[in-house]
file work_11.txt (compact mmCIF, C-alpha atoms)
# COMPACT_ATOMS: atom_id res chain seq x y z
CA MET H 1 -131.61 54.08 69.17
CA ASN H 2 -129.39 53.40 72.18
CA ASN H 3 -129.49 55.30 75.48
CA ALA H 4 -126.50 57.50 74.65
CA SER H 5 -127.90 58.62 71.30
CA GLU H 6 -131.35 59.18 72.84
CA GLY H 7 -129.77 61.45 75.43
CA ASP H 8 -127.78 63.26 72.74
CA TYR H 9 -130.92 63.78 70.64
CA CYS H 10 -132.81 65.36 73.54
CA LEU H 11 -129.87 67.49 74.64
CA ASN H 12 -129.28 68.72 71.09
CA ALA H 13 -132.96 69.66 70.75
CA LEU H 14 -132.69 71.70 73.95
CA LYS H 15 -129.38 73.23 72.91
CA GLN H 16 -131.00 74.58 69.76
CA ALA H 17 -134.33 75.81 71.13
CA ASP H 18 -134.32 75.91 74.96
CA PRO H 19 -130.86 76.96 76.21
CA GLU H 20 -132.02 77.62 79.78
CA ARG H 21 -133.13 74.04 80.30
CA TYR H 22 -130.17 72.76 78.28
CA PHE H 23 -127.77 74.33 80.77
CA THR H 24 -129.96 73.13 83.64
CA CYS H 25 -129.22 69.60 82.41
CA LEU H 26 -125.48 70.25 82.14
CA PHE H 27 -125.31 71.53 85.72
CA ALA H 28 -127.23 68.50 87.03
CA PRO H 29 -125.47 65.31 88.19
CA VAL H 30 -124.29 63.26 85.20
CA LYS H 31 -126.40 60.25 86.17
CA HIS H 32 -129.60 62.32 85.91
CA ARG H 33 -128.68 64.39 82.87
CA ALA H 34 -130.26 62.21 80.19
CA ALA H 35 -133.50 61.81 82.16
CA LEU H 36 -133.85 65.56 82.65
CA ALA H 37 -133.07 66.13 78.97
CA ALA H 38 -135.85 63.74 77.93
CA LEU H 39 -138.34 65.47 80.24
CA TYR H 40 -137.44 68.93 78.98
CA ALA H 41 -137.35 67.79 75.34
CA PHE H 42 -140.87 66.42 75.80
CA ASN H 43 -141.95 69.81 77.15
CA LEU H 44 -140.25 71.57 74.24
CA ASP H 45 -142.06 69.37 71.73
CA ILE H 46 -145.40 70.20 73.37
CA VAL H 47 -144.63 73.92 73.59
CA ARG H 48 -143.71 74.08 69.89
CA THR H 49 -146.90 72.39 68.71
CA ARG H 50 -148.57 75.57 67.46
CA GLU H 51 -145.61 76.65 65.34
CA LEU H 52 -145.33 73.18 63.81
CA VAL H 53 -148.93 72.87 62.60
CA SER H 54 -151.05 74.82 60.14
CA GLU H 55 -154.28 74.79 62.15
CA PRO H 56 -155.46 74.04 65.71
CA MET H 57 -157.12 70.72 64.87
CA ILE H 58 -153.83 69.29 63.61
CA GLY H 59 -152.25 70.50 66.84
CA GLU H 60 -154.95 68.71 68.83
CA ILE H 61 -154.15 65.49 66.93
CA ARG H 62 -150.45 65.91 67.66
CA LEU H 63 -151.12 66.41 71.37
CA GLN H 64 -153.43 63.39 71.40
CA TRP H 65 -150.58 61.29 70.01
CA TRP H 66 -148.57 62.22 73.07
CA ARG H 67 -151.43 61.42 75.45
CA ASP H 68 -151.88 58.00 73.85
CA ALA H 69 -148.13 57.35 73.92
CA LEU H 70 -147.96 58.14 77.64
CA ILE H 71 -150.86 55.90 78.61
CA GLY H 72 -149.85 53.07 76.27
CA LYS H 73 -152.73 53.35 73.83
CA GLY H 74 -150.90 54.80 70.84
CA GLU H 75 -150.56 53.12 67.48
CA GLY H 76 -147.09 51.78 66.72
CA ASP H 77 -144.15 51.59 69.08
CA ALA H 78 -143.79 54.87 70.98
CA SER H 79 -140.59 53.53 72.56
CA ALA H 80 -138.89 54.00 69.17
CA HIS H 81 -139.59 57.74 69.24
CA PRO H 82 -136.39 59.68 70.13
CA ILE H 83 -138.15 61.64 72.89
CA ALA H 84 -141.09 59.43 73.87
CA GLY H 85 -138.83 56.37 74.17
CA PRO H 86 -136.52 57.71 76.88
CA LEU H 87 -139.40 59.55 78.57
CA LEU H 88 -141.38 56.31 78.91
CA LYS H 89 -138.30 54.65 80.39
CA ASN H 90 -137.94 57.50 82.86
CA ILE H 91 -141.59 57.19 83.86
CA ALA H 92 -140.82 53.63 84.93
CA ASP H 93 -137.38 54.29 86.41
CA TYR H 94 -138.27 57.41 88.40
CA HIS H 95 -141.97 56.76 89.06
CA LEU H 96 -142.98 59.90 87.20
CA PRO H 97 -146.77 60.42 87.42
CA VAL H 98 -148.33 60.10 83.97
CA THR H 99 -151.23 62.23 85.21
CA GLY H 100 -148.93 65.23 85.63
CA LEU H 101 -147.56 64.83 82.12
CA VAL H 102 -151.04 64.49 80.62
CA ASN H 103 -152.24 67.54 82.57
CA LEU H 104 -149.33 69.49 81.10
CA ILE H 105 -150.45 68.48 77.61
CA ASP H 106 -154.06 69.43 78.39
CA ALA H 107 -153.01 72.87 79.63
CA ARG H 108 -151.06 73.49 76.43
CA VAL H 109 -154.19 73.09 74.31
CA PHE H 110 -154.77 76.73 75.22
CA ASP H 111 -151.71 77.63 73.13
CA LEU H 112 -153.33 76.39 69.93
CA TYR H 113 -156.04 79.05 69.97
CA ASP H 114 -156.29 82.82 70.30
CA ASP H 115 -158.59 82.85 73.32
CA PRO H 116 -157.63 85.49 75.91
CA MET H 117 -156.37 84.49 79.34
CA PRO H 118 -159.42 85.21 81.55
CA SER H 119 -157.79 86.19 84.84
CA VAL H 120 -154.63 86.26 86.95
CA HIS H 121 -155.93 83.16 88.71
CA ASP H 122 -156.24 81.35 85.39
CA LEU H 123 -152.73 82.44 84.41
CA GLU H 124 -151.32 81.09 87.67
CA ALA H 125 -153.21 77.83 87.16
CA TYR H 126 -151.86 77.56 83.60
CA CYS H 127 -148.31 78.04 84.87
CA GLY H 128 -149.00 75.53 87.63
CA GLU H 129 -149.99 72.81 85.18
CA THR H 130 -147.03 73.55 82.91
CA SER H 131 -143.92 75.10 84.49
CA SER H 132 -144.66 74.02 88.08
CA ALA H 133 -145.25 70.47 86.90
CA LEU H 134 -141.81 70.41 85.26
CA PHE H 135 -140.15 71.48 88.50
CA GLN H 136 -142.01 68.74 90.39
CA LEU H 137 -141.01 66.10 87.85
CA SER H 138 -137.40 67.32 87.87
CA LEU H 139 -137.32 66.86 91.64
CA LEU H 140 -138.47 63.27 91.26
CA ILE H 141 -135.65 62.59 88.83
CA LEU H 142 -132.99 64.19 91.02
CA SER H 143 -134.28 62.28 94.06
CA ASP H 144 -134.12 58.96 92.15
CA GLY H 145 -137.89 58.58 92.16
CA ARG H 146 -138.35 59.17 95.88
CA PRO H 147 -141.14 61.72 96.44
CA TYR H 148 -140.01 64.96 98.03
CA SER H 149 -142.66 67.30 99.38
CA ALA H 150 -142.10 70.72 97.83
CA ALA H 151 -145.51 71.71 96.49
CA ASP H 152 -145.23 75.36 97.53
CA LEU H 153 -141.71 75.69 96.12
CA CYS H 154 -142.66 74.14 92.78
CA GLY H 155 -145.88 76.15 92.64
CA HIS H 156 -144.27 79.54 93.17
CA ALA H 157 -141.21 78.69 91.05
CA GLY H 158 -143.42 77.57 88.18
CA VAL H 159 -145.56 80.70 88.20
CA ALA H 160 -142.51 82.96 88.37
CA PHE H 161 -140.70 81.11 85.58
CA GLY H 162 -143.82 80.65 83.44
CA ILE H 163 -144.95 84.27 83.49
CA THR H 164 -141.41 85.45 82.80
CA ALA H 165 -141.29 83.17 79.75
CA LEU H 166 -144.58 84.65 78.52
CA LEU H 167 -143.30 88.19 79.04
CA LYS H 168 -140.15 87.40 77.07
CA ALA H 169 -142.30 85.95 74.28
CA PHE H 170 -144.74 88.88 74.38
CA PRO H 171 -143.61 90.41 71.04
CA TRP H 172 -143.92 87.07 69.28
CA HIS H 173 -147.31 86.24 70.78
CA ALA H 174 -148.69 89.71 69.95
CA SER H 175 -147.53 89.36 66.36
CA ARG H 176 -149.63 86.23 65.90
CA GLY H 177 -152.68 87.46 67.81
CA GLN H 178 -152.16 85.56 71.06
CA ILE H 179 -152.89 87.25 74.37
CA TYR H 180 -151.63 85.72 77.61
CA VAL H 181 -152.13 88.95 79.55
CA PRO H 182 -155.04 88.30 81.97
CA ALA H 183 -158.28 90.02 80.97
CA ASP H 184 -158.88 91.25 84.52
CA LEU H 185 -155.54 93.08 84.48
CA LEU H 186 -156.40 94.63 81.13
CA SER H 187 -159.79 95.76 82.44
CA LYS H 188 -158.26 97.18 85.62
CA ASN H 189 -155.91 99.32 83.54
CA GLU H 190 -158.55 100.16 80.89
CA VAL H 191 -156.72 98.36 78.11
CA SER H 192 -158.60 96.38 75.48
CA SER H 193 -157.29 93.26 73.78
CA GLU H 194 -157.63 95.15 70.49
CA GLU H 195 -155.09 97.71 71.75
CA LEU H 196 -152.58 94.94 72.38
CA LEU H 197 -153.09 93.56 68.89
CA LYS H 198 -152.31 96.98 67.39
CA ARG H 199 -148.82 96.46 68.81
CA ARG H 200 -148.24 100.03 69.91
CA SER H 201 -147.03 100.65 73.42
CA SER H 202 -148.79 103.07 75.77
CA ALA H 203 -148.68 104.08 79.42
CA SER H 204 -151.64 101.81 80.16
CA ILE H 205 -150.07 98.79 78.48
CA GLU H 206 -146.81 99.44 80.31
CA ALA H 207 -148.77 99.55 83.58
CA VAL H 208 -150.29 96.13 82.83
CA LEU H 209 -146.89 94.60 82.10
CA ARG H 210 -145.45 96.24 85.20
CA GLU H 211 -148.12 94.48 87.28
CA MET H 212 -147.21 91.18 85.64
CA ARG H 213 -143.55 91.71 86.55
CA SER H 214 -144.60 92.47 90.12
CA LEU H 215 -146.53 89.21 90.17
CA VAL H 216 -143.41 87.39 89.00
CA ARG H 217 -141.31 88.96 91.76
CA HIS H 218 -143.95 88.07 94.36
CA HIS H 219 -143.81 84.40 93.44
CA LEU H 220 -140.02 84.45 93.01
CA THR H 221 -139.60 85.84 96.54
CA LEU H 222 -141.79 83.06 97.94
CA ALA H 223 -139.90 80.46 95.91
CA LYS H 224 -136.55 81.72 97.23
CA SER H 225 -137.84 81.42 100.77
CA GLU H 226 -138.88 77.82 100.17
CA LEU H 227 -135.57 77.03 98.46
CA LYS H 228 -133.76 77.51 101.79
CA LYS H 229 -135.35 74.25 102.97
CA LEU H 230 -134.25 72.25 99.92
CA PRO H 231 -131.43 69.69 100.17
CA ASP H 232 -128.36 70.71 98.16
CA ASP H 233 -128.55 67.70 95.84
CA LEU H 234 -132.00 68.80 94.63
CA PHE H 235 -131.04 72.42 94.04
CA PRO H 236 -130.09 71.93 90.34
CA ALA H 237 -133.79 71.53 89.50
CA PHE H 238 -134.29 75.24 90.22
CA ILE H 239 -131.20 76.99 88.85
CA SER H 240 -133.21 78.22 85.85
CA LEU H 241 -134.83 80.68 88.27
CA ALA H 242 -131.52 82.58 88.24
CA SER H 243 -132.41 83.89 84.79
CA ILE H 244 -135.62 85.61 85.93
CA GLU H 245 -134.45 88.78 87.66
CA PRO H 246 -132.00 89.78 84.87
CA ALA H 247 -134.82 89.34 82.34
CA LEU H 248 -137.16 91.54 84.38
CA ARG H 249 -134.51 94.24 84.72
CA ALA H 250 -133.98 94.21 80.96
CA MET H 251 -137.72 94.83 80.51
CA GLU H 252 -137.48 97.85 82.78
CA LYS H 253 -134.83 99.66 80.78
CA ARG H 254 -135.82 102.94 79.18
CA ASN H 255 -135.39 101.71 75.61
CA TYR H 256 -137.46 98.55 76.10
CA ASP H 257 -140.44 98.21 73.76
CA PRO H 258 -142.70 95.28 74.72
CA PHE H 259 -143.73 94.78 71.09
CA THR H 260 -140.30 94.75 69.49
CA SER H 261 -137.61 94.17 72.12
CA MET H 262 -136.45 90.58 72.44
CA ILE H 263 -135.04 89.45 75.78
CA GLU H 264 -132.45 86.84 74.90
CA PRO H 265 -129.54 86.56 77.33
CA SER H 266 -126.29 85.32 75.90
CA ARG H 267 -125.41 81.69 76.54
CA LEU H 268 -122.29 82.81 78.35
CA ALA H 269 -124.42 84.93 80.70
CA LEU H 270 -126.69 81.95 81.38
CA ILE H 271 -123.73 79.70 82.12
CA PHE H 272 -122.32 82.24 84.58
CA ARG H 273 -125.65 82.77 86.36
CA PHE H 274 -126.30 79.06 86.69
CA TRP H 275 -122.71 78.34 87.80
CA ARG H 276 -122.98 81.03 90.45
CA ALA H 277 -126.33 79.66 91.61
CA ILE H 278 -124.92 76.13 91.93
CA ARG H 279 -121.79 77.37 93.70
CA THR H 280 -123.59 79.59 96.23
CA LYS H 281 -126.93 77.73 96.41
CA ARG H 282 -128.54 81.12 95.88
CA LEU H 283 -130.35 82.77 93.00
call {"tool": "encode", "arguments": {"input": "work_11.txt", "output": "structure tokens"}}
result
Amino acid sequence: MNNASEGDYCLNALKQADPERYFTCLFAPVKHRAALAALYAFNLDIVRTRELVSEPMIGEIRLQWWRDALIGKGEGDASAHPIAGPLLKNIADYHLPVTGLVNLIDARVFDLYDDPMPSVHDLEAYCGETSSALFQLSLLILSDGRPYSAADLCGHAGVAFGITALLKAFPWHASRGQIYVPADLLSKNEVSSEELLKRRSSASIEAVLREMRSLVRHHLTLAKSELKKLPDDLFPAFISLASIEPALRAMEKRNYDPFTSMIEPSRLALIFRFWRAIRTKRL
């Protein structure tokens, strides 16, 4: 598979299943587009592991294939894989740290099981290893492999984006018995995990989700402050943050039901938000 078709494969995968990161690629400089697409397509493949397997052990095997491919210990030629191939090339071209990619895989093992998220701290750490890591790796690509120190920006951006994604997926996760709501927040608001699994909203459950939205806004505010220091050519790595506040507002509408309402902005709305963010360098 040549470079053009590899890039098309990754972009098409994102176009179908991850429109926010698909448009992030399209608003990035052309020379970096394929590399970002490969990175995000890798993340998409990892994220979708649970829905592609029939049991957790098969998911573990699938994730192990990726670990082995990244560290060069896999069976067969990983470079022939339509996502692993370009990703491995990008690791070399942009000096992407394999450790960060492997840590992302390790964090996603949590997704294969129905264990509750223990605490807010654990949720932030989970988002740090997943969403924050993607922002850090995107920066490396946009800076042509030259390290740029933005740990606080990536950290806050990742937590804000990651928790928002979990809130948007709340109906789906609840339907399959997965709970990403931190246990300490549930306890604070006297909500049991069993109540969540009954999938009936209540004032207490709404209070828990309201606290999670407040946590998102806290990290988003800090990320916006850090973004002011970022060079303009690196800004495209963070335009996906422009989708957060509209999603939160949709969750605060009177007719929103956390167990049935799906927050899915139109592609046209995403394009406009990202275009405006690029044009103004503001979210």
call {"tool": "closest_atom_pairs", "arguments": {"input": "work_11.txt", "of": "range 22-125 of chain H", "to": "range 216-222 of chain H", "cutoff": "12 Å", "atoms": "all atoms listed in the file", "output": "JSON lines"}}
result
{"residue": "H:Val120", "atom": "CA", "partner": "H:Val216", "partner_atom": "CA", "distance": 11.5}
{"residue": "H:Leu123", "atom": "CA", "partner": "H:Val216", "partner_atom": "CA", "distance": 11.5}
{"residue": "H:Glu124", "atom": "CA", "partner": "H:His219", "partner_atom": "CA", "distance": 10.0}
call {"tool": "closest_residue", "arguments": {"input": "work_11.txt", "among": "H:Ala242, H:Arg249, H:Ala174, H:Lys73", "to": "Arg210 in chain H", "atoms": "all atoms listed in the file"}}
result
H:Arg249
call {"tool": "closest_residue", "arguments": {"input": "work_11.txt", "among": "H:Arg21, H:Leu26, H:Leu101, H:Cys10", "to": "Pro86 in chain H", "atoms": "all atoms listed in the file"}}
result
H:Cys10
call {"tool": "closest_residue", "arguments": {"input": "work_11.txt", "among": "H:Lys228, H:Arg267, H:Arg50, H:Lys188", "to": "His173 in chain H", "atoms": "only C-alpha atoms"}}
result
H:Arg50
call {"tool": "atom_distance", "arguments": {"input": "work_11.txt", "atom1": "CA of Thr99 in chain H", "atom2": "CA of Leu137 in chain H"}}
result
11.2 Å
call {"tool": "closest_residue", "arguments": {"input": "work_11.txt", "among": "H:Thr260, H:Ala17, H:Arg273, H:Tyr9", "to": "Ala169 in chain H", "atoms": "all atoms listed in the file"}}
result
H:Thr260
call {"tool": "closest_residue", "arguments": {"input": "work_11.txt", "among": "H:Lys198, H:Leu234, H:Ile58, H:Pro118", "to": "Gln136 in chain H", "atoms": "all atoms listed in the file"}}
result
H:Leu234
call {"tool": "atom_distance", "arguments": {"input": "work_11.txt", "atom1": "CA of Phe274 in chain H", "atom2": "CA of Ala84 in chain H"}}
result
27.7 Å
call {"tool": "closest_residue", "arguments": {"input": "work_11.txt", "among": "H:Phe110, H:Ile263, H:Phe27, H:Val159", "to": "Arg279 in chain H", "atoms": "all atoms listed in the file"}}
result
H:Phe27
call {"tool": "residues_around", "arguments": {"input": "work_11.txt", "residues": "Tyr40 in chain H", "least_positions_apart": "6", "cutoff": "9 Å", "atoms": "only C-alpha atoms", "output": "number ranges by chain"}}
result
H: 10-11, 14, 18, 21-22, 25, 134
call {"tool": "atom_distance", "arguments": {"input": "work_11.txt", "atom1": "CA of Trp275 in chain H", "atom2": "CA of Met251 in chain H"}}
result
23.5 Å
call {"tool": "residues_near_point", "arguments": {"input": "work_11.txt", "point": "(-157.8, 84.7, 76.3)", "cutoff": "6 Å", "atoms": "all atoms listed in the file", "output": "MDAnalysis selection string"}}
result
chainID H and resid 115:118 179
call {"tool": "decode", "arguments": {"input": "work_11.txt", "residues": "range 128-185 of chain H", "atoms": "C-alpha atoms", "output": "compact mmCIF listing (two decimals), in the first residue's frame"}}
result
# COMPACT_ATOMS: atom_id res chain seq x y z
CA GLY H 128 -4.16 11.82 30.76
CA GLU H 129 -2.89 8.52 29.39
CA THR H 130 -5.39 8.57 26.52
CA SER H 131 -6.64 11.96 25.32
CA SER H 132 -3.76 14.04 26.73
CA ALA H 133 -1.27 11.68 25.13
CA LEU H 134 -2.90 12.22 21.73
CA PHE H 135 -2.58 15.99 22.07
CA GLN H 136 1.10 15.62 22.99
CA LEU H 137 1.77 13.33 20.02
CA SER H 138 -0.13 15.68 17.69
CA LEU H 139 2.12 18.53 18.80
CA LEU H 140 5.19 16.49 17.91
CA ILE H 141 3.84 15.89 14.43
CA LEU H 142 2.94 19.53 13.84
CA SER H 143 6.37 20.62 15.11
CA ASP H 144 8.12 18.17 12.73
CA GLY H 145 9.38 16.04 15.60
CA ARG H 146 10.88 18.89 17.60
CA PRO H 147 9.74 18.62 21.24
CA TYR H 148 7.58 21.49 22.42
CA SER H 149 6.98 21.85 26.14
CA ALA H 150 3.23 22.01 26.71
CA ALA H 151 2.58 19.44 29.43
CA ASP H 152 0.01 21.55 31.28
CA LEU H 153 -1.85 22.44 28.09
CA CYS H 154 -2.00 18.83 26.91
CA GLY H 155 -2.94 17.62 30.38
CA HIS H 156 -5.88 19.96 30.85
CA ALA H 157 -6.99 19.68 27.22
CA GLY H 158 -6.96 15.89 27.42
CA VAL H 159 -9.01 15.74 30.61
CA ALA H 160 -11.56 18.22 29.27
CA PHE H 161 -11.88 16.42 25.92
CA GLY H 162 -11.79 12.93 27.43
CA ILE H 163 -14.48 13.49 30.05
CA THR H 164 -16.69 15.22 27.49
CA ALA H 165 -16.37 12.19 25.21
CA LEU H 166 -17.39 9.92 28.10
CA LEU H 167 -20.37 12.12 28.91
CA LYS H 168 -21.49 12.03 25.28
CA ALA H 169 -21.16 8.23 25.32
CA PHE H 170 -22.93 7.92 28.69
CA PRO H 171 -26.16 6.39 27.25
CA TRP H 172 -24.20 3.80 25.30
CA HIS H 173 -21.91 2.88 28.20
CA ALA H 174 -24.85 2.58 30.62
CA SER H 175 -26.66 0.28 28.20
CA ARG H 176 -23.78 -2.18 28.28
CA GLY H 177 -23.07 -1.94 32.00
CA GLN H 178 -19.99 0.29 31.89
CA ILE H 179 -19.55 3.01 34.48
CA TYR H 180 -16.98 5.75 33.95
CA VAL H 181 -18.55 8.01 36.56
CA PRO H 182 -16.08 8.14 39.49
CA ALA H 183 -17.19 6.15 42.54
CA ASP H 184 -16.27 9.00 44.90
CA LEU H 185 -18.65 11.33 43.04
